[in-house]
$ cat protein-v4.tsv   # TSV, C-alpha atoms
chain	number	residue	atom	x	y	z
A	1	MET	CA	38.58	244.77	333.40
A	2	SER	CA	35.11	243.34	332.81
A	3	ILE	CA	35.33	241.82	329.33
A	4	GLY	CA	31.59	241.18	329.26
A	5	HIS	CA	30.71	244.81	329.90
A	6	THR	CA	33.32	246.03	327.43
A	7	LEU	CA	31.99	243.78	324.66
A	8	LEU	CA	28.46	244.86	325.49
A	9	GLY	CA	29.51	248.51	325.28
A	10	LEU	CA	31.07	247.88	321.86
A	11	LEU	CA	27.82	246.29	320.69
A	12	GLU	CA	25.84	249.41	321.56
A	13	SER	CA	26.96	251.13	318.38
A	14	GLY	CA	25.50	248.30	316.25
A	15	PRO	CA	25.38	244.52	315.77
A	16	ARG	CA	28.68	242.72	315.10
A	17	HIS	CA	30.09	239.27	314.53
A	18	GLY	CA	32.29	237.70	317.20
A	19	TYR	CA	35.36	238.27	315.04
A	20	ASP	CA	34.57	241.99	314.60
A	21	LEU	CA	34.06	242.31	318.34
A	22	LYS	CA	37.46	240.80	319.06
A	23	ARG	CA	39.10	243.11	316.54
A	24	ALA	CA	37.37	246.20	317.96
A	25	PHE	CA	38.33	245.17	321.51
A	26	ASP	CA	41.99	244.53	320.60
A	27	GLU	CA	42.28	247.84	318.74
A	28	ARG	CA	40.93	249.93	321.56
A	29	PHE	CA	41.72	248.07	324.78
A	30	GLY	CA	43.87	245.03	324.09
A	31	HIS	CA	47.24	246.78	323.69
A	32	ASP	CA	49.28	244.25	325.61
A	33	ARG	CA	46.70	241.52	325.98
A	34	PRO	CA	44.60	240.75	322.92
A	35	LEU	CA	41.52	238.59	323.53
A	36	HIS	CA	41.48	234.92	322.63
A	37	TYR	CA	38.67	233.83	320.35
A	38	GLY	CA	37.60	231.36	323.03
A	39	GLN	CA	37.14	234.23	325.49
A	40	VAL	CA	34.93	236.13	323.05
A	41	TYR	CA	32.69	233.18	322.29
A	42	SER	CA	32.37	232.00	325.91
A	43	THR	CA	31.55	235.59	326.99
A	44	MET	CA	28.96	235.96	324.22
A	45	SER	CA	27.31	232.65	325.21
A	46	ARG	CA	27.03	233.90	328.79
A	47	LEU	CA	25.60	237.27	327.69
A	48	LEU	CA	23.15	235.44	325.42
A	49	LYS	CA	22.06	233.16	328.24
A	50	ASN	CA	21.51	236.19	330.51
A	51	GLY	CA	19.42	237.98	327.90
A	52	LEU	CA	21.86	240.87	327.50
A	53	VAL	CA	22.48	240.13	323.80
A	54	GLU	CA	20.52	238.34	321.09
A	55	VAL	CA	21.45	236.71	317.82
A	56	ASP	CA	20.67	239.21	315.10
A	57	GLY	CA	21.43	236.91	312.20
A	58	ILE	CA	23.41	233.87	311.14
A	59	GLU	CA	25.56	233.71	308.02
A	60	HIS	CA	26.08	230.36	306.41
A	61	GLY	CA	29.25	230.43	304.32
A	62	GLY	CA	31.74	227.82	303.27
A	63	GLY	CA	33.15	227.56	306.82
A	64	PRO	CA	31.44	227.45	310.22
A	65	GLU	CA	28.31	229.56	310.62
A	66	ARG	CA	28.85	233.13	311.87
A	67	LYS	CA	26.46	234.60	314.40
A	68	ARG	CA	25.86	238.31	314.46
A	69	TYR	CA	25.08	239.65	317.93
A	70	ALA	CA	22.98	242.66	318.93
A	71	ILE	CA	22.61	244.24	322.36
A	72	THR	CA	19.19	244.01	324.07
A	73	ASP	CA	17.48	246.70	326.19
A	74	ALA	CA	18.55	244.75	329.29
A	75	GLY	CA	22.12	244.82	327.93
A	76	ILE	CA	21.99	248.60	327.47
A	77	THR	CA	20.76	248.99	331.05
A	78	ASP	CA	23.57	246.72	332.25
A	79	VAL	CA	26.22	248.86	330.49
A	80	GLU	CA	24.59	252.00	331.90
A	81	GLN	CA	24.78	250.63	335.46
A	82	TRP	CA	28.38	249.45	335.04
A	83	LEU	CA	29.55	252.86	333.76
A	84	ALA	CA	27.75	254.68	336.58
A	85	GLN	CA	29.25	252.46	339.31
A	86	PRO	CA	32.61	253.79	340.62
A	87	GLU	CA	35.49	251.33	340.73
A	88	LYS	CA	36.68	250.33	344.17
A	89	PRO	CA	40.04	252.03	344.86
A	90	GLU	CA	42.65	249.40	345.68
A	91	PRO	CA	44.37	250.23	348.95
A	92	TYR	CA	47.44	247.97	348.40
A	93	LEU	CA	47.70	247.41	352.14
A	94	GLN	CA	49.62	244.18	351.79
A	95	SER	CA	52.52	245.70	349.91
A	96	VAL	CA	55.37	243.32	349.07
A	97	LEU	CA	57.71	246.29	349.19
A	98	TYR	CA	56.72	247.11	352.76
A	99	THR	CA	57.30	243.47	353.78
A	100	LYS	CA	60.73	243.44	352.13
A	101	VAL	CA	61.79	246.68	353.85
A	102	VAL	CA	60.73	245.42	357.28
A	103	LEU	CA	62.44	242.06	356.75
A	104	ALA	CA	65.63	243.78	355.58
A	105	LEU	CA	65.65	245.86	358.78
A	106	LEU	CA	64.84	242.88	360.99
A	107	THR	CA	67.68	240.84	359.49
A	108	GLY	CA	70.22	243.67	359.62
A	109	ARG	CA	70.42	244.10	355.82
A	110	ASP	CA	70.72	247.43	354.00
A	111	ALA	CA	67.12	248.56	353.51
A	112	GLY	CA	68.30	251.79	351.84
A	113	ASP	CA	70.01	249.72	349.17
A	114	LEU	CA	66.85	247.70	348.63
A	115	LEU	CA	64.88	250.94	348.12
A	116	ASP	CA	67.49	252.32	345.70
A	117	VAL	CA	67.41	249.16	343.60
A	118	GLN	CA	63.62	249.24	343.55
A	119	ARG	CA	63.62	252.90	342.53
A	120	ALA	CA	65.97	252.09	339.62
A	121	GLU	CA	63.64	249.31	338.50
A	122	HIS	CA	60.58	251.56	338.66
A	123	LEU	CA	62.38	254.28	336.71
A	124	ARG	CA	63.47	251.78	334.07
A	125	LEU	CA	59.84	250.91	333.43
A	126	MET	CA	58.84	254.58	333.52
A	127	ARG	CA	61.45	255.31	330.83
A	128	ASP	CA	60.01	252.56	328.62
A	129	LEU	CA	56.49	253.91	329.07
A	130	THR	CA	57.63	257.50	328.41
A	131	GLN	CA	59.30	256.35	325.20
A	132	ARG	CA	56.15	254.49	324.18
A	133	LYS	CA	54.13	257.65	324.80
A	134	ARG	CA	56.41	259.69	322.59
A	135	THR	CA	55.93	257.38	319.64
A	136	GLY	CA	52.33	256.33	320.27
A	137	ASP	CA	48.92	257.77	319.54
A	138	LEU	CA	46.58	259.46	322.01
A	139	SER	CA	45.19	256.20	323.39
A	140	ASP	CA	48.76	254.93	323.97
A	141	GLN	CA	49.48	258.17	325.80
A	142	LEU	CA	46.46	257.83	328.08
A	143	ILE	CA	47.18	254.19	328.91
A	144	CYS	CA	50.87	254.90	329.58
A	145	ASP	CA	49.98	257.93	331.71
A	146	HIS	CA	47.78	255.78	333.92
A	147	ALA	CA	50.65	253.37	334.48
A	148	LEU	CA	53.14	256.22	334.97
A	149	PHE	CA	51.06	257.90	337.66
A	150	HIS	CA	50.77	254.62	339.58
A	151	LEU	CA	54.51	254.00	339.33
A	152	GLU	CA	55.12	257.57	340.45
A	153	ALA	CA	52.94	256.98	343.52
A	154	ASP	CA	55.07	253.93	344.35
A	155	LEU	CA	58.20	256.02	343.95
A	156	ARG	CA	56.90	258.67	346.30
A	157	TRP	CA	56.31	255.94	348.84
A	158	LEU	CA	59.87	254.67	348.29
A	159	GLU	CA	61.26	258.18	348.88
A	160	LEU	CA	59.23	258.71	352.01
A	161	THR	CA	60.18	255.29	353.36
A	162	ALA	CA	63.86	255.99	352.61
A	163	ALA	CA	63.55	259.19	354.65
A	164	ARG	CA	61.94	257.26	357.52
A	165	LEU	CA	64.28	254.27	357.62
A	166	GLY	CA	65.93	255.33	360.86
A	167	GLN	CA	62.58	255.69	362.58
A	168	LEU	CA	61.26	252.44	361.09
A	169	SER	CA	64.39	250.57	362.08
A	170	LYS	CA	63.88	251.54	365.74
A	171	ALA	CA	60.19	250.59	365.57
A	172	VAL	CA	60.72	247.11	364.10
A	173	ARG	CA	63.54	246.26	366.47
A	174	SER	CA	61.75	247.35	369.62
B	1	MET	CA	79.07	254.40	333.62
B	2	THR	CA	82.80	254.98	333.41
B	3	PRO	CA	84.15	258.49	333.05
B	4	ALA	CA	86.00	257.47	329.82
B	5	GLY	CA	84.81	259.74	327.02
B	6	SER	CA	82.96	261.94	329.51
B	7	LEU	CA	82.49	265.61	328.80
B	8	LEU	CA	82.08	266.64	332.41
B	9	ILE	CA	83.50	264.79	335.40
B	10	ALA	CA	83.27	265.52	339.12
B	11	ASP	CA	85.66	263.67	341.37
B	12	GLY	CA	85.29	263.45	345.16
B	13	LEU	CA	83.50	266.77	345.67
B	14	HIS	CA	83.21	268.12	349.21
B	15	LYS	CA	81.34	271.29	349.99
B	16	ALA	CA	80.06	272.59	353.33
B	17	TYR	CA	78.04	275.69	354.16
B	18	GLY	CA	79.31	276.59	357.61
B	19	ARG	CA	79.23	273.35	359.56
B	20	THR	CA	76.58	271.82	357.33
B	21	PRO	CA	78.02	269.47	354.72
B	22	ALA	CA	76.21	269.67	351.36
B	23	LEU	CA	78.49	267.37	349.38
B	24	ASP	CA	80.52	264.62	350.98
B	25	GLY	CA	82.69	262.95	348.34
B	26	ALA	CA	80.33	263.15	345.36
B	27	HIS	CA	81.33	261.67	341.99
B	28	PHE	CA	79.61	262.34	338.70
B	29	SER	CA	80.21	262.03	334.97
B	30	ILE	CA	78.24	262.71	331.82
B	31	HIS	CA	78.82	262.04	328.11
B	32	PRO	CA	77.93	264.27	325.16
B	33	GLY	CA	74.29	263.80	324.16
B	34	GLU	CA	73.42	262.09	327.43
B	35	VAL	CA	70.58	263.16	329.72
B	36	VAL	CA	71.29	262.36	333.38
B	37	ALA	CA	68.70	262.95	336.08
B	38	VAL	CA	70.05	264.00	339.49
B	39	MET	CA	67.51	262.91	342.08
B	40	GLY	CA	67.29	262.93	345.83
B	41	PRO	CA	65.32	264.39	348.72
B	42	SER	CA	65.30	268.11	349.55
B	43	GLY	CA	68.57	269.16	351.16
B	44	SER	CA	70.43	266.10	349.86
B	45	GLY	CA	72.94	268.25	347.96
B	46	LYS	CA	71.66	267.87	344.39
B	47	SER	CA	71.50	271.61	343.64
B	48	THR	CA	74.95	272.11	345.18
B	49	LEU	CA	76.24	269.35	342.91
B	50	LEU	CA	74.75	271.13	339.89
B	51	HIS	CA	76.25	274.47	340.97
B	52	CYS	CA	79.71	272.88	341.40
B	53	LEU	CA	79.46	271.14	338.01
B	54	ALA	CA	78.54	274.46	336.37
B	55	GLY	CA	81.40	276.33	338.06
B	56	ILE	CA	78.97	278.58	339.94
B	57	VAL	CA	80.14	277.24	343.30
B	58	THR	CA	83.72	276.21	344.03
B	59	PRO	CA	83.98	272.93	346.00
B	60	ASP	CA	86.05	272.85	349.21
B	61	SER	CA	87.91	269.87	347.81
B	62	GLY	CA	87.69	267.57	344.82
B	63	ALA	CA	87.72	268.64	341.19
B	64	VAL	CA	85.41	269.25	338.25
B	65	HIS	CA	86.87	268.63	334.79
B	66	TYR	CA	85.14	269.93	331.68
B	67	GLY	CA	86.59	268.81	328.34
B	68	GLY	CA	89.78	267.88	330.19
B	69	ARG	CA	90.15	271.26	331.92
B	70	ASP	CA	90.01	271.70	335.71
B	71	LEU	CA	87.34	274.33	336.47
B	72	SER	CA	89.02	275.33	339.75
B	73	LYS	CA	92.21	276.24	337.87
B	74	MET	CA	90.39	278.68	335.58
B	75	SER	CA	90.08	282.38	336.28
B	76	ASP	CA	86.67	283.85	337.11
B	77	ALA	CA	86.60	285.42	333.66
B	78	GLN	CA	87.32	282.06	332.00
B	79	ARG	CA	84.58	280.36	334.02
B	80	SER	CA	82.14	283.15	333.14
B	81	SER	CA	82.98	282.80	329.49
B	82	LEU	CA	82.40	279.05	329.74
B	83	ARG	CA	79.00	279.60	331.34
B	84	ARG	CA	78.01	282.11	328.66
B	85	GLY	CA	79.20	280.11	325.68
B	86	GLU	CA	79.32	276.40	326.39
B	87	PHE	CA	76.86	275.94	329.24
B	88	GLY	CA	73.13	276.59	329.14
B	89	PHE	CA	70.84	277.01	332.16
B	90	VAL	CA	67.14	276.47	332.83
B	91	PHE	CA	65.69	277.04	336.28
B	92	GLN	CA	62.28	276.74	337.84
B	93	PHE	CA	61.39	280.42	338.26
B	94	GLY	CA	62.18	284.00	337.40
B	95	GLN	CA	64.78	283.62	334.76
B	96	LEU	CA	63.46	285.92	332.05
B	97	VAL	CA	64.21	289.64	332.06
B	98	PRO	CA	60.79	291.31	332.50
B	99	GLU	CA	61.71	294.50	330.60
B	100	LEU	CA	62.67	292.61	327.41
B	101	ASN	CA	60.20	290.91	325.09
B	102	CYS	CA	60.46	287.17	324.55
B	103	VAL	CA	62.61	287.18	321.43
B	104	GLU	CA	64.98	289.70	323.06
B	105	ASN	CA	65.18	287.39	326.09
B	106	VAL	CA	66.09	284.41	323.93
B	107	ALA	CA	68.63	286.48	321.97
B	108	LEU	CA	70.23	287.88	325.14
B	109	PRO	CA	73.05	285.28	325.55
B	110	LEU	CA	74.05	285.87	321.92
B	111	ARG	CA	73.99	289.66	322.36
B	112	LEU	CA	76.21	289.27	325.47
B	113	ASN	CA	78.61	287.26	323.33
B	114	GLY	CA	78.79	290.15	320.81
B	115	VAL	CA	76.40	288.87	318.11
B	116	LYS	CA	74.60	291.71	316.29
B	117	ARG	CA	70.93	292.26	317.12
B	118	LYS	CA	69.46	291.21	313.77
B	119	GLU	CA	71.39	287.96	313.59
B	120	ALA	CA	70.87	287.21	317.28
B	121	GLU	CA	67.11	287.66	317.00
B	122	ALA	CA	66.93	285.58	313.82
B	123	ARG	CA	68.72	282.72	315.57
B	124	ALA	CA	66.54	283.23	318.64
B	125	LEU	CA	63.41	282.97	316.52
B	126	THR	CA	64.55	279.65	315.05
B	127	TRP	CA	64.73	278.23	318.56
B	128	MET	CA	61.42	279.78	319.53
B	129	GLU	CA	59.79	278.09	316.55
B	130	ARG	CA	61.36	274.83	317.62
B	131	LEU	CA	59.97	275.28	321.15
B	132	GLU	CA	56.54	276.26	319.74
B	133	VAL	CA	56.56	279.81	321.14
B	134	ALA	CA	57.34	281.91	318.05
B	135	ASP	CA	53.90	283.52	318.30
B	136	VAL	CA	54.76	285.20	321.62
B	137	ARG	CA	58.01	286.71	320.31
B	138	ALA	CA	56.84	290.32	320.81
B	139	LYS	CA	55.25	289.78	324.22
B	140	ARG	CA	56.94	290.43	327.51
B	141	PRO	CA	57.37	287.58	330.02
B	142	GLY	CA	54.55	288.99	332.19
B	143	GLU	CA	52.13	288.62	329.28
B	144	VAL	CA	52.68	284.90	328.57
B	145	SER	CA	51.58	281.75	330.41
B	146	GLY	CA	53.91	279.80	332.70
B	147	GLY	CA	54.30	277.03	330.11
B	148	GLN	CA	55.13	279.51	327.35
B	149	GLY	CA	57.58	281.37	329.61
B	150	GLN	CA	59.40	278.15	330.43
B	151	ARG	CA	59.67	277.24	326.74
B	152	VAL	CA	61.09	280.69	326.08
B	153	ALA	CA	63.63	280.01	328.85
B	154	VAL	CA	64.53	276.64	327.29
B	155	ALA	CA	64.95	278.33	323.88
B	156	ARG	CA	67.27	280.86	325.53
B	157	SER	CA	69.31	278.10	327.18
B	158	LEU	CA	69.85	276.41	323.79
B	159	VAL	CA	70.44	279.47	321.57
B	160	THR	CA	74.21	279.53	322.04
B	161	GLY	CA	74.51	275.83	321.14
B	162	PRO	CA	75.72	274.79	324.61
B	163	ARG	CA	77.58	271.53	325.08
B	164	VAL	CA	76.11	271.10	328.57
B	165	LEU	CA	72.63	272.13	329.61
B	166	PHE	CA	71.96	272.46	333.35
B	167	ALA	CA	68.27	272.20	334.21
B	168	ASP	CA	67.23	272.63	337.84
B	169	GLU	CA	63.60	271.52	338.33
B	170	PRO	CA	62.74	272.88	334.86
B	171	THR	CA	59.09	271.85	335.07
B	172	GLY	CA	58.59	272.45	338.79
B	173	ALA	CA	56.18	275.33	338.27
B	174	LEU	CA	54.19	273.77	335.41
B	175	ASP	CA	51.14	271.52	335.24
B	176	SER	CA	51.58	267.93	334.01
B	177	LEU	CA	50.72	268.56	330.37
B	178	ASN	CA	52.95	271.63	329.99
B	179	GLY	CA	55.74	270.00	331.98
B	180	GLU	CA	55.64	266.99	329.72
B	181	ARG	CA	55.80	269.06	326.53
B	182	VAL	CA	58.72	271.10	327.88
B	183	MET	CA	60.60	267.88	328.71
B	184	GLU	CA	59.88	266.38	325.28
B	185	LEU	CA	61.10	269.48	323.46
B	186	LEU	CA	64.10	269.98	325.74
B	187	THR	CA	65.37	266.40	325.50
B	188	GLU	CA	64.71	266.14	321.75
B	189	ALA	CA	66.65	269.36	321.09
B	190	ALA	CA	69.49	268.31	323.39
B	191	ARG	CA	69.83	264.87	321.79
B	192	GLU	CA	69.86	266.38	318.33
B	193	THR	CA	72.56	268.89	319.18
B	194	ARG	CA	74.51	266.30	321.27
B	195	ALA	CA	74.31	268.56	324.32
B	196	ALA	CA	74.70	266.77	327.64
B	197	VAL	CA	71.85	267.54	330.06
B	198	VAL	CA	72.24	267.57	333.84
B	199	LEU	CA	68.63	267.43	334.99
B	200	VAL	CA	67.98	268.07	338.69
B	201	THR	CA	64.50	266.90	339.63
B	202	HIS	CA	62.57	265.29	342.43
B	203	GLU	CA	59.82	264.21	340.01
B	204	ALA	CA	60.06	260.66	338.71
B	205	ARG	CA	57.96	261.45	335.64
B	206	VAL	CA	60.50	264.12	334.67
B	207	ALA	CA	63.43	261.82	335.44
B	208	ALA	CA	61.86	259.26	333.10
B	209	TYR	CA	63.00	261.45	330.19
B	210	SER	CA	66.64	260.81	331.16
B	211	ASP	CA	69.00	258.04	330.03
B	212	ARG	CA	70.06	257.23	333.59
B	213	GLU	CA	69.75	258.62	337.08
B	214	VAL	CA	72.15	259.56	339.84
B	215	VAL	CA	70.74	259.63	343.35
B	216	VAL	CA	72.20	262.13	345.82
B	217	ARG	CA	71.73	261.31	349.46
B	218	ASP	CA	73.63	262.82	352.40
B	219	GLY	CA	75.98	264.56	349.99
B	220	LYS	CA	76.98	261.36	348.17
B	221	ALA	CA	75.98	260.63	344.57
B	222	ARG	CA	75.12	257.10	343.55
B	223	ASP	CA	75.00	256.23	339.84
B	224	MET	CA	72.09	253.84	339.39
B	225	ALA	CA	73.00	252.81	335.81
B	226	GLY	CA	74.44	249.45	336.77
B	227	VAL	CA	72.18	248.76	339.73
B	228	ARG	CA	69.91	245.77	339.42

$ encode --input "protein-v4.tsv" --output "structure tokens"
Amino acid sequence: MSIGHTLLGLLESGPRHGYDLKRAFDERFGHDRPLHYGQVYSTMSRLLKNGLVEVDGIEHGGGPERKRYAITDAGITDVEQWLAQPEKPEPYLQSVLYTKVVLALLTGRDAGDLLDVQRAEHLRLMRDLTQRKRTGDLSDQLICDHALFHLEADLRWLELTAARLGQLSKAVRS
Amino acid sequence: MTPAGSLLIADGLHKAYGRTPALDGAHFSIHPGEVVAVMGPSGSGKSTLLHCLAGIVTPDSGAVHYGGRDLSKMSDAQRSSLRRGEFGFVFQFGQLVPELNCVENVALPLRLNGVKRKEAEARALTWMERLEVADVRAKRPGEVSGGQGQRVAVARSLVTGPRVLFADEPTGALDSLNGERVMELLTEAARETRAAVVLVTHEARVAAYSDREVVVRDGKARDMAGVR
């Protein structure tokens, strides 16, 4: 995920301090990986340098000074372009699973067993995500669904590969 | 998982249709309140396993024990009574009687067991409320959506308070959102009533509602609970 673009997008609704930005990011997008303060401030320095944000005000309190950031017109255009640009689909052509299956066949091991064990591991994670969905809010559900659909795609590949093991075994040994 | 404390146990089931083997030494066990997904490719024998477990099909060899009783040693009438009273069934398609309205469909297993109409329909309505379909009580199956129809079918499968619920691709005809809701409601209700659920599915997202999975391949069932 582009942290810079996400922070910029959060700034579009109004100026914020670095701390508020981190909190807003963590609440909406940081479910498993909250941002470090260092990441927020280094990203804001970069955005400032590139003219995508500006300092809207500085508060001088008892502690260190707190800058309040605002998005610039160039920043709004940057967010607009990022949202309009489709993400590159990842083809996963160098699958570790594929390599393991071929190596198992080449070395005379039980590739079907390998696929069964992998399926069990995938399902274990899918159960955890399904449970998290049941107890979570709508954003939890959407995030878990995304992960579940990807795991399901892997599982479909595992099933298809299991059905083709005989054919694959002949091909790798020839 | 060991069969100790199991409600339903299959031991070394063999079943062939003509020369084609469907089950080839399949083992299975399930505890009260447990949801077990039976997975495997088409033609692997998973539906035959379900039919043997439910006493619908008699295996060529091997035995199915329910609550300590051997299903093959029961009379047809005893097995029928078991299926009507202690087992519940949900299938993918065409399980509701089109001439009856939805509440009459849900009440049907109770009526067949001799419960009076008023009481049967009151109990049916409780389950329909639970499955979020009370508002279609007076409609016929042809007048409700696929998702509503399947919830009505789930309500019907639970109305007798079964100890084992057999579900064969229960969400196969539904879209993702409806399928998910049906699975949530079905598994919640089953866990609450301590019913064991034998869930045949080829969909991993449906199997993810189970406690463990058994994979059927070439007529053999492999319990994946301890596999790592």

$ atom_distance --input "protein-v4.tsv" --atom1 "CA of Arg191 in chain B" --atom2 "CA of Arg130 in chain B"
13.7 Å

$ closest_residue --input "protein-v4.tsv" --among "B:Arg222, B:Arg151, B:His27, B:Lys46" --to "Leu174 in chain B" --atoms "only C-alpha atoms"
B:Arg151

$ residues_near_point --input "protein-v4.tsv" --point "(20.2, 238.5, 308.6)" --cutoff "12 Å" --atoms "only C-alpha atoms" --output "number ranges by chain"
A: 15-17, 55-60, 66-70

$ interface_residues --input "protein-v4.tsv" --of "chain A" --to "chain B" --cutoff "6 Å" --atoms "all atoms listed in the file" --output "VMD selection string"
chain A and resid 117 126 to 127

$ write_last_selection --input "protein-v4.tsv" --atoms "C-alpha atoms" --output "mmCIF file, in the frame of the given file"
data_model
loop_
_atom_site.group_PDB
_atom_site.id
_atom_site.type_symbol
_atom_site.label_atom_id
_atom_site.label_comp_id
_atom_site.auth_asym_id
_atom_site.auth_seq_id
_atom_site.Cartn_x
_atom_site.Cartn_y
_atom_site.Cartn_z
ATOM 1 C CA VAL A 117 67.410 249.160 343.600
ATOM 2 C CA MET A 126 58.840 254.580 333.520
ATOM 3 C CA ARG A 127 61.450 255.310 330.830
#

$ residues_near_point --input "protein-v4.tsv" --point "(63.4, 253.0, 351.8)" --cutoff "8 Å" --atoms "all atoms listed in the file" --output "PyMOL selection string"
chain A and resi 101+111-116+158-165

$ atom_distance --input "protein-v4.tsv" --atom1 "CA of Ile30 in chain B" --atom2 "CA of Ile9 in chain B"
6.7 Å

$ closest_residue --input "protein-v4.tsv" --among "B:Lys220, B:Arg163, B:Arg83, B:His65" --to "Ala22 in chain B" --atoms "all atoms listed in the file"
B:Lys220

$ build_atoms --input "protein-v4.tsv" --residues "range 43-58 of chain B" --atoms "N, CA and C atoms" --output "PDB file, in the coordinates of the input"
ATOM      1  N   GLY B  43      67.431 269.011 350.243  1.00  0.00           N
ATOM      2  CA  GLY B  43      68.570 269.160 351.160  1.00  0.00           C
ATOM      3  C   GLY B  43      69.606 268.061 351.006  1.00  0.00           C
ATOM      4  N   SER B  44      69.471 267.208 349.980  1.00  0.00           N
ATOM      5  CA  SER B  44      70.430 266.100 349.860  1.00  0.00           C
ATOM      6  C   SER B  44      71.739 266.555 349.223  1.00  0.00           C
ATOM      7  N   GLY B  45      71.722 267.738 348.579  1.00  0.00           N
ATOM      8  CA  GLY B  45      72.940 268.250 347.960  1.00  0.00           C
ATOM      9  C   GLY B  45      72.889 268.277 346.444  1.00  0.00           C
ATOM     10  N   LYS B  46      71.705 267.968 345.861  1.00  0.00           N
ATOM     11  CA  LYS B  46      71.660 267.870 344.390  1.00  0.00           C
ATOM     12  C   LYS B  46      71.866 269.219 343.704  1.00  0.00           C
ATOM     13  N   SER B  47      71.296 270.292 344.271  1.00  0.00           N
ATOM     14  CA  SER B  47      71.500 271.610 343.640  1.00  0.00           C
ATOM     15  C   SER B  47      72.947 272.069 343.827  1.00  0.00           C
ATOM     16  N   THR B  48      73.536 271.754 344.971  1.00  0.00           N
ATOM     17  CA  THR B  48      74.950 272.110 345.180  1.00  0.00           C
ATOM     18  C   THR B  48      75.820 271.373 344.173  1.00  0.00           C
ATOM     19  N   LEU B  49      75.487 270.105 343.908  1.00  0.00           N
ATOM     20  CA  LEU B  49      76.240 269.350 342.910  1.00  0.00           C
ATOM     21  C   LEU B  49      76.147 270.046 341.551  1.00  0.00           C
ATOM     22  N   LEU B  50      74.928 270.445 341.172  1.00  0.00           N
ATOM     23  CA  LEU B  50      74.750 271.130 339.890  1.00  0.00           C
ATOM     24  C   LEU B  50      75.568 272.431 339.850  1.00  0.00           C
ATOM     25  N   HIS B  51      75.524 273.187 340.941  1.00  0.00           N
ATOM     26  CA  HIS B  51      76.250 274.470 340.970  1.00  0.00           C
ATOM     27  C   HIS B  51      77.766 274.246 340.883  1.00  0.00           C
ATOM     28  N   CYS B  52      78.262 273.178 341.509  1.00  0.00           N
ATOM     29  CA  CYS B  52      79.710 272.880 341.400  1.00  0.00           C
ATOM     30  C   CYS B  52      80.051 272.461 339.978  1.00  0.00           C
ATOM     31  N   LEU B  53      79.190 271.620 339.372  1.00  0.00           N
ATOM     32  CA  LEU B  53      79.460 271.140 338.010  1.00  0.00           C
ATOM     33  C   LEU B  53      79.487 272.312 337.025  1.00  0.00           C
ATOM     34  N   ALA B  54      78.643 273.323 337.284  1.00  0.00           N
ATOM     35  CA  ALA B  54      78.540 274.460 336.370  1.00  0.00           C
ATOM     36  C   ALA B  54      79.557 275.545 336.684  1.00  0.00           C
ATOM     37  N   GLY B  55      80.383 275.325 337.704  1.00  0.00           N
ATOM     38  CA  GLY B  55      81.400 276.330 338.060  1.00  0.00           C
ATOM     39  C   GLY B  55      80.805 277.554 338.735  1.00  0.00           C
ATOM     40  N   ILE B  56      79.596 277.452 339.239  1.00  0.00           N
ATOM     41  CA  ILE B  56      78.970 278.580 339.940  1.00  0.00           C
ATOM     42  C   ILE B  56      79.469 278.594 341.386  1.00  0.00           C
ATOM     43  N   VAL B  57      79.632 277.400 341.946  1.00  0.00           N
ATOM     44  CA  VAL B  57      80.140 277.240 343.300  1.00  0.00           C
ATOM     45  C   VAL B  57      81.455 276.474 343.228  1.00  0.00           C
ATOM     46  N   THR B  58      82.441 276.917 344.010  1.00  0.00           N
ATOM     47  CA  THR B  58      83.720 276.210 344.030  1.00  0.00           C
ATOM     48  C   THR B  58      83.708 275.197 345.182  1.00  0.00           C
TER      49      THR B  58
END
